[in-house]
Amino acid sequence: MKAGRFYPSNRAAGVQLPIIPIVAGWIAETPGTISLGQGVVHYGPPAAALAAIPGFLATVPHHQYIPDAGLPELRSAFEGKLRAENGIEAPFERRIYVTAGANQAFLNAVLAICDPGDEVILLSPYYFNHEMAVTLASAVPVPVPVDERLQPDLPAIAAAITERTRAIVTVSPNNPTGAVYPRETLAAIHRLCAERGIYHVSDEAYEYFTYDGARHFSPGSLGGEHVISLYSLSKAYGMASWRVGFLVAPEHLHRDLMKIQDTVVVSGSAISQFVGLRAMREGRGYCAAHLPSLARVRKEVLARLSAVPDLVKVPPATGAFYLFVKVNAGMSAIALSERLVREHKVAVIPGETFGVTRGCWLRIAYGSLREETAVEGIDRLVTGLRAILA
């Protein structure tokens, strides 16, 4: 028994501190820093969606609760989007839920399918908020490393399954690596989950961000009662602060998901969902119009990093707006990251927060920057690495 009466729960104490606020603190203490850290895009929501805000007061009872699962109009629109773009048939009434971003969608899913001590397989490097959510739910994250191409290692995944395994989580296009998983790989994981009686949780927040001919694939299109899919308006529509995500789940989870939704948030923000619906009416073409500028930034970043193979190794990355690079350094990534901010005014995210403890890895995010700023940021990074590692 712990001494005293006032102490945090073991559940909370066992969760890693979120790295983004830590790096933000370093940046705040170092004016002029260029951030290659947080994963957001440089553009905001569609102008037409923002222009519709005055209509919110006239068309939505803004002083009352909206349905727990979200505005029916938004869920219906997302049902149509899933059918047209993802090949997923999911009647919105009992399968689609609007959440406060895809992070809440993932937490809801874990709470619905896991009991304390159950295991969830995360492909490492993993998205840190997924590991945090599994731990907060008193379940056990089981990291399974990807291969040298940053692709899922199917035999290793199969070997990690135990009697306590409840789900395998895939993120494609991937955060933090930028890797895009091929259809055949995701289909194999889908089959493995069906055979073993476990869920396949597919995070598809970056579905529109692919390059060099890579194509996104939704495992939910293969059917089955074991696929849970997560989506977000934060990236494609520049709506990070509006917090609109979607959870698409099998109907047999409906009652329990409604209990969780009502407990955690009751319902998401009405005005955010109102704006989100109007953003979706602009369609994926809104994101597509911004992809050329992101592709140019990506090309410049890759060119500069490829020119210094003595400093970094850059595995293939054809999606999202991340690179996960291995630094030829004999120090921890978190120590290196802090020095890069304080001494060279450039911020990246250390690999430890993604579960990588062997070697020195950094996540570089280039989506939030215009081309000229990204180039300067990478130049600072290269200069800083050369100085610190000399």
# chains A, B, ... in the order shown; residues from 1 in each chain; ligands from 1
call {"tool": "select_by_dssp", "arguments": {"residues": "segment 52-290 of chain A", "states": "alpha helix (DSSP H)", "output": "PyMOL selection string"}}
result
chain A and resi 53-59+72-81+92-95+101-113+128-136+154-160+183-196+254-264+270-282+285-288
call {"tool": "residues_around", "arguments": {"residues": "Leu336 of chain A", "least_positions_apart": "6", "cutoff": "10 Å", "atoms": "only C-alpha atoms", "output": "number ranges by chain"}}
result
A: 327, 329-330, 348-350, 360-362, 384-385, 388-389
call {"tool": "closest_atom_pairs", "arguments": {"of": "segment 91-209 of chain A", "to": "segment 256-276 of chain A", "cutoff": "7 Å", "atoms": "only C-alpha atoms", "output": "JSON lines"}}
result
{"residue": "A:Val98", "atom": "CA", "partner": "A:Gly268", "partner_atom": "CA", "distance": 6.9}
{"residue": "A:Thr99", "atom": "CA", "partner": "A:Gly268", "partner_atom": "CA", "distance": 5.9}
{"residue": "A:Ala100", "atom": "CA", "partner": "A:Gly268", "partner_atom": "CA", "distance": 5.7}
{"residue": "A:Asn108", "atom": "CA", "partner": "A:Ile260", "partner_atom": "CA", "distance": 6.3}
{"residue": "A:Ala112", "atom": "CA", "partner": "A:Leu257", "partner_atom": "CA", "distance": 6.1}
call {"tool": "atom_distance", "arguments": {"atom1": "atom CA of Ala374 of chain A", "atom2": "atom CA of Val297 of chain A"}}
result
6.7 Å
call {"tool": "select_by_dssp", "arguments": {"residues": "segment 303-358 of chain A", "states": "strand (DSSP E or B)", "output": "list in words"}}
result
Val312, Lys313, Gly319, Tyr322, Leu323, Phe324, Val325, Lys326, Val327, Val346, Ala347, Ile349 and Pro350 of chain A
call {"tool": "residues_around", "arguments": {"residues": "Glu338 of chain A", "least_positions_apart": "5", "cutoff": "8 Å", "atoms": "only C-alpha atoms", "output": "PyMOL selection string"}}
result
chain A and resi 23+26+347
call {"tool": "residues_around", "arguments": {"residues": "Leu247 of chain A", "least_positions_apart": "2", "cutoff": "8 Å", "atoms": "only C-alpha atoms", "output": "VMD selection string"}}
result
chain A and resid 95 to 99 102 105 to 106 109 228 to 231 245 249
call {"tool": "closest_atom_pairs", "arguments": {"of": "segment 150-259 of chain A", "to": "segment 27-46 of chain A", "cutoff": "10 Å", "atoms": "only C-alpha atoms", "output": "CSV"}}
result
residue,atom,partner,partner_atom,distance
A:Asn175,CA,A:Gly39,CA,8.7
A:Pro176,CA,A:Gly39,CA,9.1
A:Leu233,CA,A:Pro45,CA,9.3
A:Ser234,CA,A:Val40,CA,7.8
A:Lys235,CA,A:Val41,CA,6.2
A:Ala236,CA,A:Val41,CA,8.0
A:Tyr237,CA,A:Pro45,CA,5.3
A:Gly238,CA,A:Gly44,CA,4.2
A:Met239,CA,A:Pro45,CA,5.7
A:Ala240,CA,A:Val40,CA,7.1
A:Ser241,CA,A:Gly44,CA,9.8
A:Trp242,CA,A:Pro45,CA,9.5
call {"tool": "residues_around", "arguments": {"residues": "Ser221 of chain A", "least_positions_apart": "4", "cutoff": "12 Å", "atoms": "only C-alpha atoms", "output": "mmCIF file with C-alpha atoms, in the first residue's frame"}}
result
data_model
loop_
_atom_site.group_PDB
_atom_site.id
_atom_site.type_symbol
_atom_site.label_atom_id
_atom_site.label_comp_id
_atom_site.auth_asym_id
_atom_site.auth_seq_id
_atom_site.Cartn_x
_atom_site.Cartn_y
_atom_site.Cartn_z
ATOM 1 C CA LEU A 82 -17.039 5.246 -47.065
ATOM 2 C CA ARG A 83 -19.080 3.573 -49.792
ATOM 3 C CA ALA A 84 -17.683 5.712 -52.614
ATOM 4 C CA GLU A 85 -14.037 6.018 -51.560
ATOM 5 C CA ASN A 86 -13.244 3.096 -49.264
ATOM 6 C CA GLY A 87 -15.527 0.339 -50.488
ATOM 7 C CA ILE A 88 -17.046 -0.007 -47.016
ATOM 8 C CA GLU A 89 -20.760 -0.565 -46.434
ATOM 9 C CA ALA A 90 -21.590 0.760 -42.957
ATOM 10 C CA ARG A 183 -3.274 -4.115 -50.087
ATOM 11 C CA LEU A 186 -3.328 -5.491 -44.965
ATOM 12 C CA ALA A 187 -5.452 -8.297 -46.424
ATOM 13 C CA HIS A 190 -7.255 -9.033 -41.967
ATOM 14 C CA SER A 202 -7.237 0.211 -38.928
ATOM 15 C CA HIS A 216 -4.255 3.651 -49.828
ATOM 16 C CA PHE A 217 -6.302 0.530 -49.044
ATOM 17 C CA GLU A 225 -17.274 -8.570 -38.110
ATOM 18 C CA HIS A 226 -13.783 -7.915 -36.802
ATOM 19 C CA VAL A 227 -12.680 -4.684 -38.519
ATOM 20 C CA ILE A 228 -12.741 -1.321 -36.726
ATOM 21 C CA SER A 229 -11.767 1.683 -38.856
ATOM 22 C CA VAL A 248 -16.594 2.746 -37.867
#
call {"tool": "closest_residue", "arguments": {"among": "A:Arg94, A:Ile53, A:Leu154, A:Thr165", "to": "Pro72 of chain A", "atoms": "only C-alpha atoms"}}
result
A:Arg94
call {"tool": "closest_residue", "arguments": {"among": "A:Val244, A:Val144, A:Val341, A:Ala137", "to": "Phe354 of chain A", "atoms": "only C-alpha atoms"}}
result
A:Val144
call {"tool": "closest_residue", "arguments": {"among": "A:Tyr181, A:Phe246, A:Phe209, A:Phe6", "to": "Pro292 of chain A", "atoms": "only C-alpha atoms"}}
result
A:Phe209
call {"tool": "residues_around", "arguments": {"residues": "Ile157 of chain A", "least_positions_apart": "4", "cutoff": "9 Å", "atoms": "only C-alpha atoms", "output": "list of chain:residue names"}}
result
A:Ile121, A:Leu123, A:Val144, A:Pro145, A:Pro152, A:Asp153, A:Ile161, A:Ile168, A:Ile189
call {"tool": "atom_distance", "arguments": {"atom1": "atom CA of Val140 of chain A", "atom2": "atom CA of His252 of chain A"}}
result
23.5 Å
